[in-house]
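File shown: work32.txt. Contents: compact mmCIF, C-alpha atoms.
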```txt
# COMPACT_ATOMS: atom_id res chain seq x y z
CA MET A 23 19.70 17.43 25.79
CA GLY A 24 17.09 14.77 24.96
CA ARG A 25 16.20 11.63 26.81
CA GLU A 26 17.62 8.14 26.31
CA ILE A 27 15.33 5.18 25.57
CA ARG A 28 16.37 1.53 25.56
CA CYS A 29 14.58 -1.30 23.79
CA ASP A 30 15.17 -4.56 21.94
CA LEU A 31 13.91 -3.31 18.57
CA ALA A 32 13.55 0.22 17.18
CA ILE A 33 11.30 0.65 14.14
CA VAL A 34 11.92 3.97 12.39
CA GLY A 35 9.24 5.53 10.21
CA GLY A 36 6.17 3.87 11.66
CA GLY A 37 3.37 3.94 9.13
CA LEU A 38 1.52 0.80 8.14
CA ALA A 39 4.57 -1.48 7.88
CA GLY A 40 6.13 -0.36 11.14
CA GLY A 41 2.83 -0.36 12.99
CA LEU A 42 2.01 -3.93 11.96
CA ILE A 43 5.47 -5.15 13.01
CA ALA A 44 5.02 -3.52 16.42
CA HIS A 45 1.55 -5.05 16.77
CA ALA A 46 2.68 -8.55 15.75
CA LEU A 47 5.49 -8.48 18.30
CA ALA A 48 3.32 -7.06 21.08
CA VAL A 49 0.80 -9.88 20.66
CA SER A 50 3.02 -12.88 19.89
CA ARG A 51 6.35 -11.82 21.47
CA PRO A 52 5.53 -9.59 24.48
CA GLU A 53 9.01 -10.26 25.91
CA VAL A 54 10.47 -8.17 23.03
CA SER A 55 10.46 -4.45 23.90
CA VAL A 56 9.70 -2.29 20.86
CA CYS A 57 10.10 1.42 20.17
CA LEU A 58 8.00 2.68 17.23
CA ILE A 59 9.38 6.03 16.05
CA GLU A 60 6.76 7.93 14.04
CA PRO A 61 7.50 11.36 12.49
CA SER A 62 3.85 12.51 12.51
CA PRO A 63 1.50 12.84 15.49
CA ARG A 64 -0.76 10.11 14.03
CA ILE A 65 0.67 6.74 13.08
CA GLY A 66 0.27 6.38 9.31
CA GLY A 67 -0.55 10.06 8.78
CA ARG A 68 -3.78 10.49 6.81
CA ARG A 69 -4.17 7.36 4.70
CA LEU A 70 -6.64 4.65 3.81
CA TRP A 71 -5.65 1.17 2.66
CA THR A 72 -7.98 -1.34 0.99
CA PHE A 73 -7.56 -5.07 0.42
CA PHE A 74 -9.39 -8.28 -0.37
CA SER A 75 -9.52 -10.67 2.60
CA ASN A 76 -7.87 -13.27 0.38
CA ASP A 77 -4.87 -10.94 -0.04
CA VAL A 78 -3.78 -11.99 3.45
CA ALA A 79 -3.10 -15.61 4.43
CA PRO A 80 -5.66 -16.88 6.98
CA VAL A 81 -2.87 -17.66 9.45
CA ASP A 82 -1.75 -13.99 9.35
CA ARG A 83 -5.12 -12.20 9.43
CA TRP A 84 -4.86 -11.54 13.17
CA ILE A 85 -2.12 -9.03 12.34
CA ILE A 86 -4.43 -6.71 10.40
CA ALA A 87 -7.88 -7.63 11.78
CA PRO A 88 -7.95 -5.19 14.76
CA PHE A 89 -7.47 -2.21 12.45
CA VAL A 90 -10.11 -2.95 9.79
CA SER A 91 -12.48 0.05 9.69
CA ARG A 92 -15.12 -1.38 7.34
CA SER A 93 -15.74 -4.62 5.46
CA TRP A 94 -18.10 -5.33 2.57
CA ASN A 95 -19.22 -8.66 1.12
CA GLY A 96 -18.14 -7.76 -2.38
CA CYS A 97 -17.11 -4.95 -4.70
CA SER A 98 -17.76 -3.91 -8.28
CA VAL A 99 -15.71 -2.90 -11.32
CA ARG A 100 -16.93 -0.63 -14.11
CA MET A 101 -15.04 -0.64 -17.38
CA PRO A 102 -15.96 0.88 -20.77
CA ASP A 103 -16.98 -2.56 -22.05
CA GLN A 104 -18.24 -4.27 -18.89
CA ALA A 105 -19.60 -3.90 -15.37
CA ARG A 106 -19.08 -6.73 -12.93
CA ASP A 107 -19.53 -7.55 -9.25
CA PHE A 108 -17.01 -9.68 -7.38
CA GLY A 109 -18.21 -11.66 -4.36
CA LEU A 110 -14.94 -11.19 -2.51
CA GLN A 111 -14.81 -9.64 0.95
CA TYR A 112 -13.31 -6.17 0.61
CA ASN A 113 -11.88 -4.22 3.53
CA ALA A 114 -10.69 -0.73 4.41
CA VAL A 115 -8.16 0.34 7.05
CA ARG A 116 -8.10 4.00 8.04
CA SER A 117 -4.91 5.45 9.47
CA GLY A 118 -6.96 6.90 12.35
CA ASP A 119 -8.11 3.40 13.32
CA LEU A 120 -4.58 2.06 12.91
CA ASP A 121 -3.33 4.79 15.24
CA ALA A 122 -6.07 4.26 17.85
CA GLY A 123 -5.71 0.49 17.74
CA LEU A 124 -1.94 0.57 18.19
CA ARG A 125 -2.16 3.02 21.08
CA ALA A 126 -4.62 0.67 22.81
CA ILE A 127 -2.35 -2.37 22.28
CA LEU A 128 1.20 -1.05 22.71
CA PRO A 129 2.72 0.09 26.00
CA PRO A 130 2.74 3.92 26.22
CA ASN A 131 6.55 4.04 26.21
CA ALA A 132 6.65 2.07 22.93
CA LEU A 133 5.52 5.09 20.89
CA VAL A 134 7.89 7.97 20.17
CA THR A 135 6.93 10.94 18.01
CA GLY A 136 9.92 12.52 16.36
CA ARG A 137 12.13 12.73 13.28
CA ALA A 138 15.15 10.46 13.03
CA ASP A 139 18.40 12.33 12.28
CA GLY A 140 20.72 9.34 12.38
CA LEU A 141 20.27 5.56 12.18
CA GLY A 142 22.76 2.83 13.01
CA GLN A 143 22.91 -0.84 13.97
CA SER A 144 22.68 -0.04 17.68
CA GLY A 145 20.24 2.84 17.79
CA VAL A 146 18.63 6.01 16.49
CA ARG A 147 19.35 9.69 17.10
CA LEU A 148 16.31 11.98 17.01
CA ALA A 149 16.16 15.61 15.89
CA ASP A 150 15.41 16.78 19.44
CA GLY A 151 18.63 15.20 20.74
CA SER A 152 16.99 12.07 22.19
CA ARG A 153 18.58 8.69 21.58
CA VAL A 154 17.01 5.28 21.23
CA ARG A 155 19.45 2.48 22.00
CA ALA A 156 18.37 -0.91 20.63
CA ARG A 157 19.65 -4.39 19.83
CA GLY A 158 18.18 -4.03 16.36
CA VAL A 159 16.91 -1.24 14.10
CA ILE A 160 14.48 -1.52 11.18
CA ASP A 161 14.20 1.26 8.60
CA ALA A 162 10.53 1.71 7.63
CA ARG A 163 10.73 5.32 6.40
CA GLY A 164 9.21 4.77 2.97
CA ALA A 165 10.93 4.93 -0.40
CA GLY A 166 14.71 5.40 -0.56
CA PHE A 167 16.93 6.32 -3.52
CA LEU A 168 14.39 5.61 -6.26
CA THR A 169 16.71 6.97 -8.95
CA LEU A 170 18.34 3.51 -8.77
CA LEU A 171 15.05 1.93 -9.90
CA ASP A 172 12.81 2.30 -12.93
CA THR A 173 9.83 3.88 -11.22
CA ARG A 174 6.45 5.25 -12.24
CA TRP A 175 3.65 6.42 -9.96
CA HIS A 176 0.14 5.54 -8.87
CA ILE A 177 -1.40 8.72 -7.44
CA ARG A 178 -4.47 8.35 -5.22
CA SER A 179 -6.33 11.36 -3.82
CA ALA A 180 -9.52 10.83 -1.83
CA ARG A 181 -12.29 12.96 -0.36
CA GLU A 182 -14.96 11.74 2.05
CA PHE A 183 -18.30 13.53 1.94
CA ARG A 184 -21.46 13.60 3.97
CA LEU A 185 -24.36 13.78 1.50
CA ARG A 186 -27.72 15.47 1.77
CA ARG A 187 -29.43 12.15 1.02
CA PRO A 188 -28.42 8.44 0.91
CA HIS A 189 -26.11 7.48 -1.93
CA SER A 190 -27.76 4.04 -2.55
CA LEU A 191 -24.39 2.53 -3.43
CA PRO A 192 -24.67 -1.18 -2.47
CA LEU A 193 -21.01 -2.14 -2.81
CA PRO A 194 -17.63 -0.42 -3.02
CA VAL A 195 -16.52 0.41 -6.55
CA LEU A 196 -12.96 -0.84 -6.80
CA MET A 197 -12.43 0.75 -10.21
CA ASP A 198 -14.67 2.94 -12.36
CA ALA A 199 -12.69 3.48 -15.55
CA THR A 200 -15.66 4.88 -17.49
CA VAL A 201 -14.51 8.40 -16.55
CA ALA A 202 -12.87 10.72 -19.08
CA GLN A 203 -9.32 9.62 -19.95
CA ASP A 204 -7.43 12.85 -20.38
CA GLY A 205 -3.70 13.34 -19.97
CA ASP A 206 -0.81 10.89 -20.28
CA GLY A 207 -1.93 8.04 -18.01
CA MET A 208 -4.98 6.00 -17.13
CA ARG A 209 -7.44 7.49 -14.64
CA TYR A 210 -10.21 5.87 -12.65
CA MET A 211 -12.43 6.52 -9.66
CA GLU A 212 -12.88 4.41 -6.53
CA CYS A 213 -15.97 4.72 -4.29
CA LEU A 214 -16.45 3.40 -0.76
CA PRO A 215 -19.90 3.60 0.90
CA ILE A 216 -18.90 4.50 4.48
CA ASP A 217 -22.44 4.97 5.84
CA GLU A 218 -25.77 5.40 4.11
CA ASP A 219 -25.14 9.13 3.64
CA ARG A 220 -21.31 9.14 3.62
CA VAL A 221 -19.16 8.19 0.67
CA LEU A 222 -15.45 8.29 -0.04
CA ILE A 223 -14.47 9.10 -3.62
CA ALA A 224 -10.86 8.59 -4.69
CA ASP A 225 -9.26 9.82 -7.90
CA HIS A 226 -6.55 7.46 -9.23
CA HIS A 227 -3.97 8.30 -11.87
CA TYR A 228 -1.04 6.33 -13.31
CA ALA A 229 1.66 8.89 -14.06
CA ASP A 230 5.28 9.30 -15.08
CA THR A 231 5.92 11.95 -12.42
CA PRO A 232 4.89 12.12 -8.73
CA ARG A 233 2.90 15.34 -8.99
CA ILE A 234 -0.51 16.08 -7.43
CA ASP A 235 -2.72 18.77 -8.97
CA SER A 236 -5.12 19.33 -6.07
CA ALA A 237 -7.38 21.78 -7.90
CA ALA A 238 -7.88 19.45 -10.88
CA ILE A 239 -8.44 16.46 -8.58
CA ASN A 240 -11.06 18.34 -6.54
CA ALA A 241 -12.85 19.34 -9.73
CA ARG A 242 -12.92 15.74 -11.00
CA ILE A 243 -14.16 14.34 -7.68
CA HIS A 244 -16.95 16.92 -7.35
CA ALA A 245 -17.96 16.37 -10.99
CA TYR A 246 -18.14 12.63 -10.31
CA ALA A 247 -20.39 13.19 -7.28
CA ASP A 248 -22.65 15.50 -9.34
CA ALA A 249 -22.88 12.96 -12.16
CA HIS A 250 -24.14 10.34 -9.69
CA GLY A 251 -26.68 12.67 -8.10
CA TRP A 252 -24.89 12.87 -4.76
CA PRO A 253 -25.49 16.35 -3.28
CA ILE A 254 -22.64 17.17 -0.90
CA ALA A 255 -23.53 18.52 2.54
CA GLU A 256 -19.98 18.74 3.84
CA SER A 257 -16.46 17.45 3.25
CA ALA A 258 -15.51 15.13 6.12
CA SER A 259 -11.86 14.38 5.32
CA GLU A 260 -9.26 14.16 2.59
CA GLU A 261 -6.07 12.22 2.02
CA ALA A 262 -3.51 11.60 -0.69
CA ALA A 263 -0.87 9.00 -1.46
CA ILE A 264 1.83 8.78 -4.12
CA LEU A 265 2.63 5.08 -4.55
CA PRO A 266 5.80 4.04 -6.40
CA VAL A 267 5.21 1.49 -9.15
CA ILE A 268 8.58 -0.23 -9.57
CA LEU A 269 9.15 -1.58 -13.08
CA GLY A 270 12.81 -2.61 -12.78
CA GLY A 271 16.24 -1.32 -11.89
CA ASP A 272 19.21 -2.36 -9.79
CA PHE A 273 17.82 -4.08 -6.70
CA GLU A 274 21.22 -4.71 -5.13
CA ALA A 275 22.31 -1.08 -5.45
CA TYR A 276 18.96 0.11 -4.11
CA TRP A 277 19.16 -2.16 -1.09
CA LYS A 278 22.73 -1.03 -0.31
CA SER A 279 21.82 2.67 -0.52
CA GLY A 280 21.17 4.42 2.77
CA PRO A 281 21.91 3.01 6.24
CA ASP A 282 23.06 -0.63 6.39
CA LEU A 283 19.95 -1.87 8.23
CA GLY A 284 16.99 -4.16 7.85
CA LYS A 285 14.34 -2.46 5.69
CA THR A 286 10.63 -2.78 5.04
CA GLY A 287 8.07 -1.55 2.52
CA ALA A 288 9.17 0.67 -0.35
CA ARG A 289 12.52 1.17 1.44
CA ALA A 290 13.15 -2.55 0.77
CA GLY A 291 11.85 -2.46 -2.82
CA LEU A 292 8.58 -4.14 -1.82
CA GLY A 293 5.11 -3.16 -3.01
CA HIS A 294 2.92 -4.38 -5.84
CA PRO A 295 4.61 -3.64 -9.20
CA VAL A 296 1.26 -2.82 -10.85
CA THR A 297 -1.00 -1.31 -8.19
CA GLY A 298 1.65 -0.02 -5.77
CA SER A 299 -0.32 -1.60 -2.89
CA ALA A 300 1.72 -2.14 0.27
CA LEU A 301 -0.68 -3.84 2.71
CA PRO A 302 -0.25 -7.54 1.80
CA ASP A 303 3.55 -7.16 1.92
CA ALA A 304 3.35 -5.32 5.24
CA VAL A 305 1.36 -8.16 6.82
CA ARG A 306 3.72 -10.84 5.47
CA LEU A 307 6.77 -8.99 6.74
CA ALA A 308 5.26 -8.43 10.19
CA ALA A 309 4.58 -12.17 10.43
CA LEU A 310 8.13 -12.96 9.30
CA ILE A 311 9.73 -10.65 11.89
CA ALA A 312 7.51 -11.98 14.69
CA ARG A 313 8.86 -15.48 13.98
CA GLN A 314 12.51 -14.46 14.31
CA PRO A 315 14.25 -15.75 17.44
CA ASP A 316 16.85 -12.98 17.44
CA MET A 317 16.18 -9.22 17.26
CA ASN A 318 19.88 -8.51 16.72
CA GLY A 319 20.31 -5.90 14.00
CA THR A 320 22.72 -7.95 11.86
CA ALA A 321 20.49 -11.03 11.99
CA LEU A 322 17.39 -9.01 11.08
CA ARG A 323 19.17 -7.30 8.22
CA LEU A 324 20.10 -10.66 6.68
CA VAL A 325 16.57 -12.04 7.08
CA LEU A 326 14.93 -8.94 5.57
CA TYR A 327 17.45 -8.71 2.74
CA ASP A 328 16.93 -12.39 1.82
CA HIS A 329 13.15 -11.88 1.92
CA ALA A 330 13.23 -8.74 -0.25
CA ARG A 331 15.61 -10.33 -2.78
CA LYS A 332 13.38 -13.43 -3.05
CA VAL A 333 10.27 -11.28 -3.55
CA TRP A 334 12.06 -9.15 -6.15
CA ARG A 335 12.94 -12.25 -8.18
CA GLU A 336 9.44 -13.71 -7.88
CA ARG A 337 7.82 -10.50 -9.10
CA ALA A 338 9.49 -10.28 -12.49
CA PHE A 339 6.11 -11.24 -13.98
CA TYR A 340 4.35 -8.30 -12.32
CA ARG A 341 7.08 -5.85 -13.35
CA MET A 342 6.56 -7.00 -16.91
CA VAL A 343 2.83 -6.26 -16.55
CA GLY A 344 3.70 -2.86 -15.08
CA ARG A 345 5.85 -2.07 -18.11
CA MET A 346 2.91 -3.00 -20.36
CA LEU A 347 0.78 -0.59 -18.33
CA PHE A 348 3.12 2.30 -19.13
CA GLN A 349 4.42 1.33 -22.59
CA ASP A 350 1.77 3.45 -24.31
CA ARG A 351 1.63 6.92 -22.76
CA ARG A 352 -2.04 7.13 -23.72
CA PRO A 353 -4.54 5.42 -21.36
CA ALA A 354 -5.84 2.94 -23.95
CA GLN A 355 -3.23 0.23 -23.26
CA ALA A 356 -3.76 0.32 -19.50
CA LEU A 357 -7.53 0.25 -19.92
CA ARG A 358 -7.34 -2.84 -22.12
CA LEU A 359 -5.03 -4.52 -19.61
CA PHE A 360 -7.42 -4.01 -16.69
CA GLU A 361 -10.48 -4.89 -18.80
CA ARG A 362 -8.93 -8.26 -19.57
CA LEU A 363 -7.85 -8.82 -15.96
CA TYR A 364 -11.38 -8.29 -14.66
CA ARG A 365 -12.84 -10.83 -17.08
CA LEU A 366 -11.14 -13.60 -15.14
CA ARG A 367 -12.23 -15.71 -12.16
CA PRO A 368 -12.61 -13.78 -8.88
CA ASP A 369 -9.93 -15.85 -7.12
CA THR A 370 -7.50 -15.17 -9.99
CA VAL A 371 -8.20 -11.43 -9.69
CA SER A 372 -7.73 -11.53 -5.92
CA ARG A 373 -4.40 -13.36 -6.14
CA PHE A 374 -3.19 -10.89 -8.76
CA HIS A 375 -3.97 -8.01 -6.38
CA ALA A 376 -2.02 -9.84 -3.65
CA ALA A 377 0.95 -10.49 -6.02
CA ALA A 378 0.40 -14.19 -5.29
CA SER A 379 -0.67 -15.54 -8.69
CA THR A 380 -0.37 -19.29 -9.18
CA ARG A 381 1.13 -20.91 -12.28
CA LEU A 382 -2.38 -21.47 -13.66
CA ASP A 383 -3.29 -17.84 -12.92
CA ARG A 384 -0.28 -16.67 -14.92
CA ILE A 385 -1.25 -18.86 -17.85
CA ALA A 386 -4.74 -17.32 -17.82
CA LEU A 387 -3.32 -13.81 -17.55
CA ARG A 388 -0.80 -14.36 -20.35
CA THR A 389 -3.59 -15.68 -22.57
CA GLU A 390 -5.63 -12.53 -21.97
CA TRP A 391 -2.71 -10.12 -22.33
CA LEU A 392 -0.69 -11.72 -25.11
CA PRO A 393 -2.26 -9.56 -27.87
CA LEU A 394 -1.45 -6.43 -25.83
CA GLY A 395 2.20 -7.27 -25.26
CA ARG A 396 3.32 -8.28 -28.74
CA SER A 397 4.75 -4.85 -29.46
CA SER A 398 7.10 -5.23 -26.47
CA GLY A 399 7.88 -8.92 -26.73
CA GLY A 400 4.71 -10.25 -25.09
CA PRO A 401 4.09 -11.41 -21.55
CA ALA A 402 6.92 -13.55 -20.18
```
Let me see whether you can do it: turn the structure in this file into structure tokens.
Amino acid sequence: MGREIRCDLAIVGGGLAGGLIAHALAVSRPEVSVCLIEPSPRIGGRRLWTFFSNDVAPVDRWIIAPFVSRSWNGCSVRMPDQARDFGLQYNAVRSGDLDAGLRAILPPNALVTGRADGLGQSGVRLADGSRVRARGVIDARGAGFLTLLDTRWHIRSAREFRLRRPHSLPLPVLMDATVAQDGDGMRYMECLPIDEDRVLIADHHYADTPRIDSAAINARIHAYADAHGWPIAESASEEAAILPVILGGDFEAYWKSGPDLGKTGARAGLGHPVTGSALPDAVRLAALIARQPDMNGTALRLVLYDHARKVWRERAFYRMVGRMLFQDRRPAQALRLFERLYRLRPDTVSRFHAAASTRLDRIALRTEWLPLGRSSGGPA
């Protein structure tokens, strides 16, 4: 027989979205008792998230700031027809730092490691027989019934290496699409200079199926390091993420699938419809929940449903861009799309990454992409 825990709000699934909600409430609403239920021993598992500072509203940056592992005063992009630096602050959040930061901020009894077997409006049943009784429950367990949505995949696999000599990489490389484009979807490499002799190399692939070929990925990453003259002394860590890229589908049916609760992240249909990035949405949602006067489950469900439905409607433009990305199974279409994006003003690029493009941004983007979209009706 397991224990019984009581709290105002139970967040099931933890990860980035759940962790930021718990942090926002601990700082701004300490009177609200929170239980963060995480299935793995480390909050967020083994992940790394990157973002431009401008992706997060200045008023909300306190939510993510304690967990930023590294920041750089710019990044670069390398495309077949151009190389360009962007003077935008670029940041990385490691799951290990998210975990350590949350454990330092949250009360010890706020963290529960375990798998949820049953979720309801008034609590959660865990696999070990424990029960969490709460006024409200939020489902943050990642993607739900994706068969209800038109989904493709952004697969990111990263390795961090200690090198035998300094890498001399001045800025992170957000995208290096000069690599060989084999297979049925665009590939590119991302590089983060962690220390002078440590570098993280990530292999990115846009794919129709959520499959990771670890052997092929390792071969590509090591070949990339060799090509740049980076002799590897040891492998420090590795991580992988399969990010859903949602191109369309039945939002209402997706939201109604699974437990009738408030939802966050991919479980709520959120996430960037081109990059699959979740961090800007996670910060916005944490800020929204922290402002709510009532942690009652029914009230939270209505607030989170209204938010997700509004975001879904606003992101029709990005879903159209996502469909352009995948309309040609060869990488050429996606390459041209990103090449044209990275010609634009840095602030336009940053807002696109944050899924916060202004009307003028969309005009500029349509102008660049119109020739690419004519075969499918053009950008709308």
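For the residues A:Arg384, A:Arg323, A:Arg289, A:Arg331, ranking by smallest atom-to-atom distance to Ala165 of chain A using all atoms listed in the file places A:Arg289 first.
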Check: Can you tell me how far atom CA of Ala321 of chain A sits from atom CA of Leu31 of chain A, in Å to one decimal?
Finding: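 Atom CA of Leu31 of chain A lies at a distance of 12.1 Å from atom CA of Ala321 of chain A.
Once only C-alpha atoms are considered, the residues situated within 8 Å of the file point (7.8, -4.8, 24.6) turn out to be A:Cys29, A:Asp30, A:Leu47, A:Ala48, A:Arg51, A:Pro52, A:Glu53, A:Val54, A:Ser55, A:Val56, A:Cys57, A:Leu128, A:Pro129, A:Ala132.
Our summary of the geometry notes that atom CA of Gly142 of chain A is positioned 21.8 Å from atom CA of Leu310 of chain A.
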Checklist line | One-decimal distance in Å that lies between atom CA of Gly37 of chain A and atom CA of Ala162 of chain A | finding: 7.6 Å
Can you list every residue of segment 123-238 of chain A that has an atom at most 9 Å from segment 340-361 of chain A, with its nearest atom pair and the distance in Å to one decimal, using only C-alpha atoms, ordered by chain then number, as CSV?
```
residue,atom,partner,partner_atom,distance
A:Arg174,CA,A:Phe348,CA,8.2
A:Ala199,CA,A:Leu357,CA,7.5
A:Gln203,CA,A:Pro353,CA,6.5
A:Asp204,CA,A:Pro353,CA,8.0
A:Gly205,CA,A:Arg352,CA,7.4
A:Asp206,CA,A:Arg352,CA,5.2
A:Gly207,CA,A:Pro353,CA,5.0
A:Met208,CA,A:Pro353,CA,4.3
A:Arg209,CA,A:Pro353,CA,7.6
A:Tyr228,CA,A:Phe348,CA,8.2
A:Ala229,CA,A:Phe348,CA,8.4
A:Asp230,CA,A:Phe348,CA,8.4
```
Check: Of the residues A:Ala138, A:Ala39, A:Ala238, A:Leu222, which is the one nearest to Gly151 of chain A, using all atoms listed in the file?
Finding: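 Distance minimum relative to Gly151 of chain A lands on A:Ala138.
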Checklist line | Distance query Gly284 of chain A at most 8 Å, all atoms listed in the file, self and fewer than 6 positions along chain excluded, as a PyMOL selection string | finding: chain A and resi 159-161+319-320+322-327
Mind writing the picked residues with C-alpha atoms as a short mmCIF file (atom, residue, chain, number, x, y, z; two decimals), in the coordinates of the input?
```
data_model
loop_
_atom_site.label_atom_id
_atom_site.label_comp_id
_atom_site.auth_asym_id
_atom_site.auth_seq_id
_atom_site.Cartn_x
_atom_site.Cartn_y
_atom_site.Cartn_z
CA VAL A 159 16.91 -1.24 14.10
CA ILE A 160 14.48 -1.52 11.18
CA ASP A 161 14.20 1.26 8.60
CA GLY A 319 20.31 -5.90 14.00
CA THR A 320 22.72 -7.95 11.86
CA LEU A 322 17.39 -9.01 11.08
CA ARG A 323 19.17 -7.30 8.22
CA LEU A 324 20.10 -10.66 6.68
CA VAL A 325 16.57 -12.04 7.08
CA LEU A 326 14.93 -8.94 5.57
CA TYR A 327 17.45 -8.71 2.74
#
```
Next item on the list: Could you check which of A:Trp94, A:Tyr276, A:Phe167, A:Phe339 is closest to Leu387 of chain A, using only C-alpha atoms?
Entry: A:Phe339
Note to self: Quick one: residues within 10 Å of Ile223 of chain A, only C-alpha atoms, excluding same-chain residues fewer than 6 positions away - as a PyMOL selection string?
What the structure shows: chain A and resi 179-183+195+211-215+243-244+246-247+260
Item checked: Nearest-residue call for Ala32 of chain A, choices A:Ala263, A:Leu283, A:Ala122, A:Ile85, using only C-alpha atoms ->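 Ranking A:Ala263, A:Leu283, A:Ala122, A:Ile85 by distance to Ala32 of chain A, first place goes to A:Leu283.
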Item checked: Residue neighbourhood Leu292 of chain A, 9 Å, all atoms listed in the file, exclusion window fewer than 6 positions, as a ChimeraX atom specification -> /A:268,286,298,300,303-304,330,333-334
Write a file of the just-selected residues containing C-alpha atoms, as a compact mmCIF listing (two decimals), keeping the file's coordinate frame.
```
# COMPACT_ATOMS: atom_id res chain seq x y z
CA ILE A 268 8.58 -0.23 -9.57
CA THR A 286 10.63 -2.78 5.04
CA GLY A 298 1.65 -0.02 -5.77
CA ALA A 300 1.72 -2.14 0.27
CA ASP A 303 3.55 -7.16 1.92
CA ALA A 304 3.35 -5.32 5.24
CA ALA A 330 13.23 -8.74 -0.25
CA VAL A 333 10.27 -11.28 -3.55
CA TRP A 334 12.06 -9.15 -6.15
```
Item checked: Residue nearest Gly24 of chain A among A:Gly136, A:Gly164, A:Gly66, A:Gly109 (counting only C-alpha atoms) ->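 Of the candidates, the smallest distance to Gly24 of chain A is held by A:Gly136.
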Check: Between A:Lys285, A:Arg220, A:His226, A:His176, which is the closest to Gly36 of chain A once you count all atoms listed in the file?
Finding: A:Lys285
Next item on the list: Pick out the residues sitting within 8 Å of Ser299 of chain A, and hand them over as an NGL selection string; count all atoms listed in the file, and ignore anything fewer than 5 positions along from it in its own chain.
Entry: :A and (265 or 293-294)
Next item on the list: Mind listing whatever residues come within 10 Å of the point (-10.4, 0.4, 2.9)? Use only C-alpha atoms, file coordinates, and give them as an MDAnalysis selection string.
Entry: chainID A and resid 69:74 90:94 112:117 194 214 216 222
Margin query: Need the shell around Leu141 of chain A: protein/DNA/RNA residues with any atom at most 9 Å away, counting only C-alpha atoms. Skip same-chain ones fewer than 2 positions apart. Format as a PyMOL selection string?
Written below: chain A and resi 34+138-139+143-148+159+161+281-283
Can those selected residues be exported to a file as a tab-separated table (two decimals), in the frame of the given file so that it contains C-alpha atoms?
```
chain	number	residue	atom	x	y	z
A	34	VAL	CA	11.92	3.97	12.39
A	138	ALA	CA	15.15	10.46	13.03
A	139	ASP	CA	18.40	12.33	12.28
A	143	GLN	CA	22.91	-0.84	13.97
A	144	SER	CA	22.68	-0.04	17.68
A	145	GLY	CA	20.24	2.84	17.79
A	146	VAL	CA	18.63	6.01	16.49
A	147	ARG	CA	19.35	9.69	17.10
A	148	LEU	CA	16.31	11.98	17.01
A	159	VAL	CA	16.91	-1.24	14.10
A	161	ASP	CA	14.20	1.26	8.60
A	281	PRO	CA	21.91	3.01	6.24
A	282	ASP	CA	23.06	-0.63	6.39
A	283	LEU	CA	19.95	-1.87	8.23
```
Padding 8 Å on every side, please: axis-aligned box over the listed atoms of segment 149-156 of chain A, centre and edge lengths to one decimal in Å, as JSON.
```
{"center_x": 17.4, "center_y": 7.9, "center_z": 19.0, "size_x": 20.0, "size_y": 33.7, "size_z": 22.3}
```
